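Visitor: Quick one: structure below, then a few questions.
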Amino acid sequence: MESGATLGARLAVRDESALEDAYATYGPSVLAYLRRYVGPDEAEDVLQRTFLDVWRSAERYDPDQRFAGWLFTIARRRAVDCLRGRRHSVVDVEAARGLVGEDGRETAERHADAAEVRAALDALPEHEREVLELAYYADLTQREIAARLDVPLGTVKARAARGTRRLGTLLRGNDDEGSR
Amino acid sequence: MSHPDLFALLRGELTNAEATAAGAHLAACSACRAELAELAVGNALLARAARILTETGRRPAPLPVVPSLRQRTPRRVPSVLVTAAAVVVGLAVGATAVFLVERSADESAPTAYASVALDPVEGSAAGEVRMVAESDQHTRMTIEAPDLPGVGTGHFYYAWLLDPETDKMLPLGQVGPGGTASFELDDSLLAAYSAVDVSLEDDDGDPGHSVTSVLRGTYTEAASPTTF
């Protein structure tokens with residue numbers, strides 16, 4: 001898996017394919033975050049603005065900073081702009097609390113964490129990714145996963161253990177390269 | 001004793017007896033302790049990510065599909081890349097203005113959430129259910145089963161949500177003559193069921209489900225995070 005720091009470095013030298021890669025890797029996570037805090041109607045606008053901003057300010061990316069954290073900081077700012085720009089509609093208090101101030105920064109950091117895990121999951125072999133998603137995101141037991149996928153329980157166990165180990169290693173690799 | 005299933009231990013899938021036996025085994029087995037240390041990290045990362053994504057108290061929604069960066073039709077938004085390239089060659093102001101204006105005028109298509117096959121229960125007709133997130137809390141469910149055979153007078157097709165485990169059912173509405181129907185549903189309601197059922201009903205004034213299911217599809221599977 002390409003580390004975030006490498007992506008950031010490629011962006012900083014104006015590598016257009018790095019923008020596409022960043023969008024493919026983190027776009028869905030950023031969009032999920034934005035949908036929660038600015039609502040589904042405006043989330044895609046804010047997503048586009050976020051990545052436009054990423055491209056424009058890439059040379060200011062500090063490779064010692066975690067890439068996902070930097071990205072979500074930008075997304076949070078654009079989301080706050082979006083709420084400020086609303087004239088008529090009432091701003092949802094919960095949504096505003098999730099964006100503004102120290103709470104907002106922490107929420108963005110948490111989502112950056114989840115986005116890194118997501119990126120690592122996507123980098124796993126398909127069979128392992130599938131099992132882990134069913135275990136953690138759909139909350140199924142290994143036995144239920146075996147039934148769902150129609151594969152032997154032993155196979156599910158092997159994939160679950162291998163994938164979990166590999167995922168830990170992938171994120172550790174990230175930290176080594178771009179320690180924050 | 002053979003080595004315990006450490007992933008199951010971490011996930012809370014073992015019985016009390018199995019879990020305590022695994023603990024005793026670990027005390028004596030350094031290979032398992034090393035394995036557990038590795039698994040614990042991955043488990044912690046995944047468990048927390050799942051919790052972050054459920055902060056609203058719901059199951060992690062499938063990650064939305066992002067619009068393509070290079071997506072370009074004449075009336076659509078200039079992509080970020082195109083805009084970004086314009087910024088690079090010094091057209092920043094104009095390009096950004098176009099970008100924002102066109103973007104706000106654009107009616108972005110709703111994101112497809114899941115598509116579920118309706119399989120025949122009785123007969124051979126098949127169909128499809130599409131589920132599209134309309135907003136944070138609503139999903140539009142569209143049933144299309146064009147090859148349902150005609151039913152003649154006194155009969156009609158009716159769609160239901162179904163929880164096969166408890167046989168709880170929620171009446172949705174009549175499936176039209178072309179085999180199509182569309183309903184807007186509250187997500188919390190949708191989450192309380194897991195399958196769509198189409199039944200053949202007699203026009204006998206009985207509001208309950210008849211004995212004849214013709215199509216059925218389970219949507220929790222398709223909405224599982226494989227579509228993330």
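Residue names in the structure tokens use chain letters A, B, ... in the order shown, residue numbers from 1 in each chain, and ligand numbers from 1 in the order shown.
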Would you list which chain A residues are within 6 Å of chain B using only C-alpha atoms, as a PyMOL selection string?
Guide: chain A and resi 28+52+114+137+164-165+167-168
Visitor: Based on the selection just made, write all heavy atoms of those residues as a compact mmCIF listing (two decimals), in the first residue's frame.
Guide:
# COMPACT_ATOMS: atom_id res chain seq x y z
N PRO A 28 -14.05 8.27 -0.90
CA PRO A 28 -15.28 7.74 -0.28
C PRO A 28 -15.35 8.01 1.23
O PRO A 28 -16.42 8.34 1.75
CB PRO A 28 -15.19 6.23 -0.55
CG PRO A 28 -14.35 6.12 -1.79
CD PRO A 28 -13.33 7.23 -1.67
N LEU A 52 -9.96 20.13 -4.64
CA LEU A 52 -9.39 21.28 -5.35
C LEU A 52 -8.37 21.97 -4.43
O LEU A 52 -7.27 22.34 -4.85
CB LEU A 52 -10.51 22.25 -5.73
CG LEU A 52 -10.12 23.52 -6.48
CD1 LEU A 52 -9.43 23.17 -7.79
CD2 LEU A 52 -11.34 24.39 -6.74
N ALA A 114 -10.12 6.32 10.69
CA ALA A 114 -10.98 5.31 10.05
C ALA A 114 -10.66 5.22 8.56
O ALA A 114 -10.68 4.14 7.97
CB ALA A 114 -12.45 5.65 10.26
N TYR A 137 -17.67 -4.69 9.97
CA TYR A 137 -18.66 -3.68 9.58
C TYR A 137 -20.07 -4.26 9.57
O TYR A 137 -21.04 -3.54 9.79
CB TYR A 137 -18.30 -3.07 8.23
CG TYR A 137 -17.02 -2.26 8.29
CD1 TYR A 137 -15.85 -2.71 7.70
CD2 TYR A 137 -16.99 -1.05 8.97
CE1 TYR A 137 -14.68 -1.99 7.80
CE2 TYR A 137 -15.82 -0.31 9.06
CZ TYR A 137 -14.67 -0.78 8.47
OH TYR A 137 -13.52 -0.06 8.57
N THR A 164 -6.13 -9.83 9.35
CA THR A 164 -5.98 -8.98 10.53
C THR A 164 -4.51 -8.68 10.79
O THR A 164 -4.12 -7.54 11.07
CB THR A 164 -6.60 -9.65 11.77
OG1 THR A 164 -7.92 -10.05 11.45
CG2 THR A 164 -6.65 -8.71 12.95
N ARG A 165 -3.68 -9.73 10.67
CA ARG A 165 -2.23 -9.53 10.86
C ARG A 165 -1.70 -8.56 9.81
O ARG A 165 -0.95 -7.64 10.08
CB ARG A 165 -1.49 -10.86 10.73
CG ARG A 165 -1.37 -11.64 12.01
CD ARG A 165 -0.25 -12.67 11.91
NE ARG A 165 -0.38 -13.52 10.74
CZ ARG A 165 -1.07 -14.67 10.73
NH1 ARG A 165 -1.66 -15.09 11.82
NH2 ARG A 165 -1.14 -15.39 9.63
N LEU A 167 -3.23 -6.35 8.05
CA LEU A 167 -3.73 -4.98 8.21
C LEU A 167 -2.89 -4.20 9.23
O LEU A 167 -2.53 -3.05 9.02
CB LEU A 167 -5.19 -5.01 8.64
CG LEU A 167 -5.82 -3.62 8.70
CD1 LEU A 167 -6.76 -3.41 7.53
CD2 LEU A 167 -6.54 -3.38 9.99
N GLY A 168 -2.59 -4.89 10.34
CA GLY A 168 -1.75 -4.25 11.35
C GLY A 168 -0.40 -3.86 10.78
O GLY A 168 0.11 -2.76 11.02
Visitor: Give the strand (DSSP E or B) residues of stretch 159-222 of chain B, as assigned by DSSP on the backbone, as a PyMOL selection string.
Guide: chain B and resi 159-163+168-175+180-186+195-202+213-218
Visitor: Can you write out the residues you just picked, keeping N, CA and C atoms, as a compact mmCIF listing (two decimals), in the first residue's frame?
Guide:
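Written out: out.txt:
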# COMPACT_ATOMS: atom_id res chain seq x y z
N ALA B 159 -46.22 -5.94 -2.58
CA ALA B 159 -44.84 -5.98 -2.07
C ALA B 159 -44.81 -5.80 -0.55
N TRP B 160 -43.90 -6.51 0.08
CA TRP B 160 -43.77 -6.47 1.53
C TRP B 160 -42.30 -6.39 1.92
N LEU B 161 -42.04 -5.84 3.09
CA LEU B 161 -40.74 -6.05 3.73
C LEU B 161 -40.92 -7.23 4.67
N LEU B 162 -39.86 -8.01 4.81
CA LEU B 162 -39.98 -9.26 5.55
C LEU B 162 -38.74 -9.47 6.42
N ASP B 163 -38.97 -9.92 7.62
CA ASP B 163 -37.87 -10.40 8.45
C ASP B 163 -38.02 -11.91 8.56
N LYS B 168 -41.97 -11.39 10.63
CA LYS B 168 -42.63 -10.09 10.73
C LYS B 168 -42.72 -9.49 9.33
N MET B 169 -43.84 -8.88 9.00
CA MET B 169 -44.00 -8.33 7.67
C MET B 169 -44.55 -6.92 7.71
N LEU B 170 -44.11 -6.13 6.75
CA LEU B 170 -44.62 -4.76 6.64
C LEU B 170 -45.17 -4.60 5.22
N PRO B 171 -46.46 -4.26 5.10
CA PRO B 171 -47.01 -4.09 3.76
C PRO B 171 -46.47 -2.82 3.10
N LEU B 172 -45.97 -2.93 1.88
CA LEU B 172 -45.44 -1.76 1.17
C LEU B 172 -46.49 -1.18 0.22
N GLY B 173 -47.00 -2.04 -0.64
CA GLY B 173 -47.99 -1.53 -1.59
C GLY B 173 -48.09 -2.43 -2.80
N GLN B 174 -49.02 -2.05 -3.65
CA GLN B 174 -49.31 -2.88 -4.80
C GLN B 174 -48.21 -2.74 -5.85
N VAL B 175 -47.86 -3.84 -6.48
CA VAL B 175 -46.93 -3.81 -7.60
C VAL B 175 -47.76 -3.63 -8.86
N THR B 180 -43.75 -3.00 -11.78
CA THR B 180 -42.90 -2.03 -11.11
C THR B 180 -43.63 -1.39 -9.94
N ALA B 181 -42.83 -0.98 -8.97
CA ALA B 181 -43.37 -0.27 -7.82
C ALA B 181 -42.22 0.49 -7.19
N SER B 182 -42.54 1.58 -6.54
CA SER B 182 -41.49 2.38 -5.92
C SER B 182 -42.00 2.93 -4.60
N PHE B 183 -41.17 2.82 -3.59
CA PHE B 183 -41.59 3.27 -2.26
C PHE B 183 -40.47 4.05 -1.62
N GLU B 184 -40.83 5.09 -0.88
CA GLU B 184 -39.83 5.79 -0.10
C GLU B 184 -39.94 5.33 1.34
N LEU B 185 -38.82 4.89 1.88
CA LEU B 185 -38.86 4.25 3.19
C LEU B 185 -37.89 4.89 4.15
N ASP B 186 -38.30 4.92 5.38
CA ASP B 186 -37.42 5.38 6.44
C ASP B 186 -36.34 4.33 6.68
N ALA B 195 -35.59 -8.50 3.99
CA ALA B 195 -35.90 -9.05 2.68
C ALA B 195 -37.13 -8.35 2.10
N VAL B 196 -37.20 -8.42 0.77
CA VAL B 196 -38.37 -7.92 0.06
C VAL B 196 -39.11 -9.13 -0.48
N ASP B 197 -40.42 -9.10 -0.35
CA ASP B 197 -41.24 -10.23 -0.77
C ASP B 197 -42.35 -9.69 -1.65
N VAL B 198 -42.61 -10.38 -2.75
CA VAL B 198 -43.76 -10.02 -3.58
C VAL B 198 -44.73 -11.19 -3.55
N SER B 199 -45.97 -10.92 -3.18
CA SER B 199 -46.95 -11.99 -3.06
C SER B 199 -48.04 -11.82 -4.10
N LEU B 200 -48.71 -12.90 -4.38
CA LEU B 200 -49.90 -12.86 -5.23
C LEU B 200 -51.10 -12.84 -4.30
N GLU B 201 -51.91 -11.81 -4.42
CA GLU B 201 -53.03 -11.63 -3.49
C GLU B 201 -54.35 -11.77 -4.22
N ASP B 202 -55.33 -12.27 -3.48
CA ASP B 202 -56.72 -12.25 -3.98
C ASP B 202 -57.36 -10.95 -3.52
N SER B 213 -46.12 -16.51 -2.02
CA SER B 213 -45.03 -15.59 -2.33
C SER B 213 -44.52 -15.96 -3.72
N VAL B 214 -44.33 -14.96 -4.56
CA VAL B 214 -43.81 -15.28 -5.90
C VAL B 214 -42.34 -14.88 -6.06
N LEU B 215 -41.93 -13.81 -5.38
CA LEU B 215 -40.55 -13.35 -5.52
C LEU B 215 -40.01 -12.99 -4.15
N ARG B 216 -38.74 -13.20 -3.99
CA ARG B 216 -38.14 -12.77 -2.74
C ARG B 216 -36.67 -12.43 -2.94
N GLY B 217 -36.19 -11.42 -2.25
CA GLY B 217 -34.78 -11.04 -2.31
C GLY B 217 -34.33 -10.51 -0.97
N THR B 218 -33.15 -10.91 -0.55
CA THR B 218 -32.62 -10.45 0.73
C THR B 218 -31.71 -9.26 0.50
Visitor: What gap, in Å, lies between atom CA of A:Asp21 and atom CA of A:Trp70?
Guide: 15.7 Å
Visitor: Just want the 8 Å neighbourhood of stretch 148-151 of chain B, counted on only C-alpha atoms, with same-chain residues fewer than 5 positions away dropped. Output as a ChimeraX atom specification.
Guide: /B:125-126,156,177,179
Visitor: Write the residues of the preceding selection, restricted to N, CA and C atoms, as an mmCIF file, in the first residue's frame.
Guide:
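Result went into selection_9.cif, see below:
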data_model
loop_
_atom_site.group_PDB
_atom_site.id
_atom_site.type_symbol
_atom_site.label_atom_id
_atom_site.label_comp_id
_atom_site.auth_asym_id
_atom_site.auth_seq_id
_atom_site.Cartn_x
_atom_site.Cartn_y
_atom_site.Cartn_z
ATOM 1 N N ALA B 125 -40.700 -16.206 -12.677
ATOM 2 C CA ALA B 125 -40.367 -14.800 -12.921
ATOM 3 C C ALA B 125 -39.238 -14.370 -11.986
ATOM 4 N N ALA B 126 -38.466 -13.381 -12.423
ATOM 5 C CA ALA B 126 -37.428 -12.846 -11.556
ATOM 6 C C ALA B 126 -37.537 -11.332 -11.600
ATOM 7 N N PHE B 156 -53.907 -9.535 -7.567
ATOM 8 C CA PHE B 156 -52.881 -8.508 -7.797
ATOM 9 C C PHE B 156 -51.600 -8.907 -7.059
ATOM 10 N N PRO B 177 -49.111 -3.045 -12.867
ATOM 11 C CA PRO B 177 -49.275 -4.017 -13.959
ATOM 12 C C PRO B 177 -47.970 -4.282 -14.711
ATOM 13 N N GLY B 179 -45.186 -4.621 -13.445
ATOM 14 C CA GLY B 179 -44.253 -5.273 -12.534
ATOM 15 C C GLY B 179 -43.343 -4.284 -11.824
#
Visitor: So which bits of stretch 80-132 of chain A end up helix (DSSP H, G or I) when you DSSP the backbone, as an MDAnalysis selection string?
Guide: chainID A and resid 80:84 93:97 101:123 126:132
Visitor: So, counting only C-alpha atoms, which residue among B:Glu128, B:Asp167, B:Asp203, B:Asp119 is closest to B:His155?
Guide: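 Using only C-alpha atoms, B:His155 sits closest to B:Asp203.
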Visitor: Compare B:Gly178, B:Gly154, B:Pro207, B:Pro4 by their minimum atom-to-atom distance to B:Gly127, counting only C-alpha atoms, and give me the closest one.
Guide: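 Closest to B:Gly127 of all the choices is B:Gly178.
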Visitor: Please provide the set of residues having any atom within 8 Å of stretch 131-134 of chain A, restricted to only C-alpha atoms, with same-chain residues fewer than 2 positions apart removed, written as a list in words.
Guide: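 Once the adjacent positions are removed, what remains is His127, Glu128, Arg129, Tyr136, Tyr137, Ala138, Asp139, Leu140, Ile145, Val156, Arg159, Ala160, Gly163 and Thr164 of chain A; Ser224, Pro225 and Thr226 of chain B.
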Visitor: What separation in Å, quoted to one decimal, exists between atom CA of B:Gly205 and atom CA of B:Thr139?
Guide: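 Separation between atom CA of B:Gly205 and atom CA of B:Thr139: 29.5 Å.
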Visitor: Would you work out the distance separating atom CA of B:Ala114 from atom CA of A:Ala22, expressed in Å to one decimal?
Guide: 25.0 Å
Visitor: Counting only C-alpha atoms, figure out which residue out of A:Glu2, A:Asp113, A:Asp45, A:Asp122 gets nearest to A:Arg66.
Guide: A:Asp113
Visitor: With distances taken over only C-alpha atoms, which residue among B:His3, B:Tyr219, B:Leu118, B:Ala34 lies nearest B:Ala21?
Guide: B:His3
Visitor: Need to verify the contact set: A:Cys82, 12 Å, only C-alpha atoms, exclusion of same-chain residues closer than 2 positions in sequence. Can you return it as a compact mmCIF listing (two decimals) with N, CA, C and O atoms, in the first residue's frame?
Guide:
# COMPACT_ATOMS: atom_id res chain seq x y z
N LEU A 34 -18.36 14.03 5.11
CA LEU A 34 -19.06 15.25 4.73
C LEU A 34 -20.57 15.06 4.72
O LEU A 34 -21.33 15.94 5.11
N ARG A 35 -21.00 13.91 4.27
CA ARG A 35 -22.44 13.66 4.26
C ARG A 35 -23.00 13.75 5.66
O ARG A 35 -24.11 14.20 5.88
N TYR A 37 -21.81 15.58 8.13
CA TYR A 37 -21.76 16.89 8.77
C TYR A 37 -22.31 18.05 7.93
O TYR A 37 -22.66 19.07 8.50
N VAL A 38 -22.35 17.91 6.62
CA VAL A 38 -23.01 18.99 5.88
C VAL A 38 -24.29 18.49 5.19
O VAL A 38 -25.02 19.29 4.62
N GLY A 39 -24.54 17.19 5.28
CA GLY A 39 -25.76 16.65 4.67
C GLY A 39 -25.50 16.19 3.26
O GLY A 39 -24.55 16.62 2.61
N ASP A 41 -27.00 16.70 0.46
CA ASP A 41 -27.21 17.58 -0.70
C ASP A 41 -25.93 18.31 -1.10
O ASP A 41 -25.67 18.53 -2.27
N GLU A 42 -25.18 18.72 -0.11
CA GLU A 42 -24.01 19.56 -0.42
C GLU A 42 -22.68 18.82 -0.30
O GLU A 42 -21.64 19.36 -0.62
N ALA A 43 -22.75 17.56 0.16
CA ALA A 43 -21.50 16.84 0.44
C ALA A 43 -20.60 16.73 -0.79
O ALA A 43 -19.39 16.91 -0.70
N GLU A 44 -21.20 16.46 -1.95
CA GLU A 44 -20.35 16.29 -3.14
C GLU A 44 -19.69 17.59 -3.56
O GLU A 44 -18.55 17.59 -4.02
N ASP A 45 -20.41 18.70 -3.41
CA ASP A 45 -19.79 20.01 -3.66
C ASP A 45 -18.57 20.20 -2.78
O ASP A 45 -17.50 20.60 -3.24
N VAL A 46 -18.77 19.94 -1.50
CA VAL A 46 -17.69 20.17 -0.55
C VAL A 46 -16.55 19.20 -0.81
O VAL A 46 -15.37 19.56 -0.66
N LEU A 47 -16.88 18.00 -1.24
CA LEU A 47 -15.84 17.02 -1.59
C LEU A 47 -14.97 17.56 -2.73
O LEU A 47 -13.74 17.51 -2.68
N ARG A 49 -14.57 20.66 -3.62
CA ARG A 49 -13.79 21.81 -3.14
C ARG A 49 -12.60 21.35 -2.30
O ARG A 49 -11.53 21.94 -2.35
N THR A 50 -12.84 20.30 -1.52
CA THR A 50 -11.75 19.79 -0.69
C THR A 50 -10.57 19.34 -1.55
O THR A 50 -9.42 19.69 -1.30
N ALA A 75 -10.92 19.10 4.63
CA ALA A 75 -12.35 18.78 4.45
C ALA A 75 -13.19 19.46 5.53
O ALA A 75 -14.27 19.99 5.25
N ARG A 76 -12.67 19.47 6.75
CA ARG A 76 -13.42 20.08 7.84
C ARG A 76 -13.59 21.58 7.61
O ARG A 76 -14.65 22.15 7.78
N ARG A 77 -12.50 22.23 7.15
CA ARG A 77 -12.59 23.67 6.89
C ARG A 77 -13.62 23.98 5.80
O ARG A 77 -14.42 24.89 5.93
N ARG A 78 -13.57 23.19 4.74
CA ARG A 78 -14.53 23.44 3.66
C ARG A 78 -15.96 23.16 4.14
O ARG A 78 -16.90 23.82 3.73
N ALA A 79 -16.11 22.19 5.04
CA ALA A 79 -17.44 21.89 5.58
C ALA A 79 -17.94 23.04 6.44
O ALA A 79 -19.11 23.43 6.37
N VAL A 80 -17.03 23.63 7.23
CA VAL A 80 -17.42 24.78 8.06
C VAL A 80 -17.83 25.95 7.16
O VAL A 80 -18.86 26.60 7.39
N ARG A 84 -21.38 27.95 7.12
CA ARG A 84 -21.43 29.41 7.27
C ARG A 84 -22.17 30.05 6.11
O ARG A 84 -22.82 31.06 6.28
N GLY A 85 -21.99 29.46 4.93
CA GLY A 85 -22.57 30.07 3.74
C GLY A 85 -24.07 29.87 3.63
O GLY A 85 -24.72 30.43 2.77
N ARG A 86 -24.62 29.05 4.50
CA ARG A 86 -26.06 28.80 4.41
C ARG A 86 -26.82 29.99 4.95
O ARG A 86 -26.63 30.41 6.08
N ARG A 87 -27.71 30.51 4.12
CA ARG A 87 -28.46 31.68 4.58
C ARG A 87 -29.83 31.30 5.12
O ARG A 87 -30.26 31.78 6.13
N SER A 89 -31.44 27.89 5.24
CA SER A 89 -31.74 26.68 5.98
C SER A 89 -31.12 26.75 7.38
O SER A 89 -30.09 27.36 7.60
N VAL A 91 -29.07 25.55 10.44
CA VAL A 91 -27.93 24.67 10.59
C VAL A 91 -28.19 23.70 11.76
O VAL A 91 -28.56 24.12 12.86
N ALA A 95 -24.69 18.71 13.83
CA ALA A 95 -23.72 18.76 12.74
C ALA A 95 -22.68 19.83 13.01
O ALA A 95 -21.48 19.61 12.85
N ALA A 96 -23.13 20.99 13.48
CA ALA A 96 -22.20 22.08 13.74
C ALA A 96 -21.23 21.68 14.85
O ALA A 96 -20.03 21.92 14.77
N LEU A 99 -18.27 19.74 13.84
CA LEU A 99 -17.29 20.36 12.94
C LEU A 99 -16.46 21.44 13.62
O LEU A 99 -15.29 21.63 13.30
Visitor: I'd like the contact shell of A:Gly69 - 8 Å cut-off, only C-alpha atoms, skipping same-chain residues fewer than 5 positions apart - returned as a PyMOL selection string.
Guide: chain A and resi 108-109+112-113
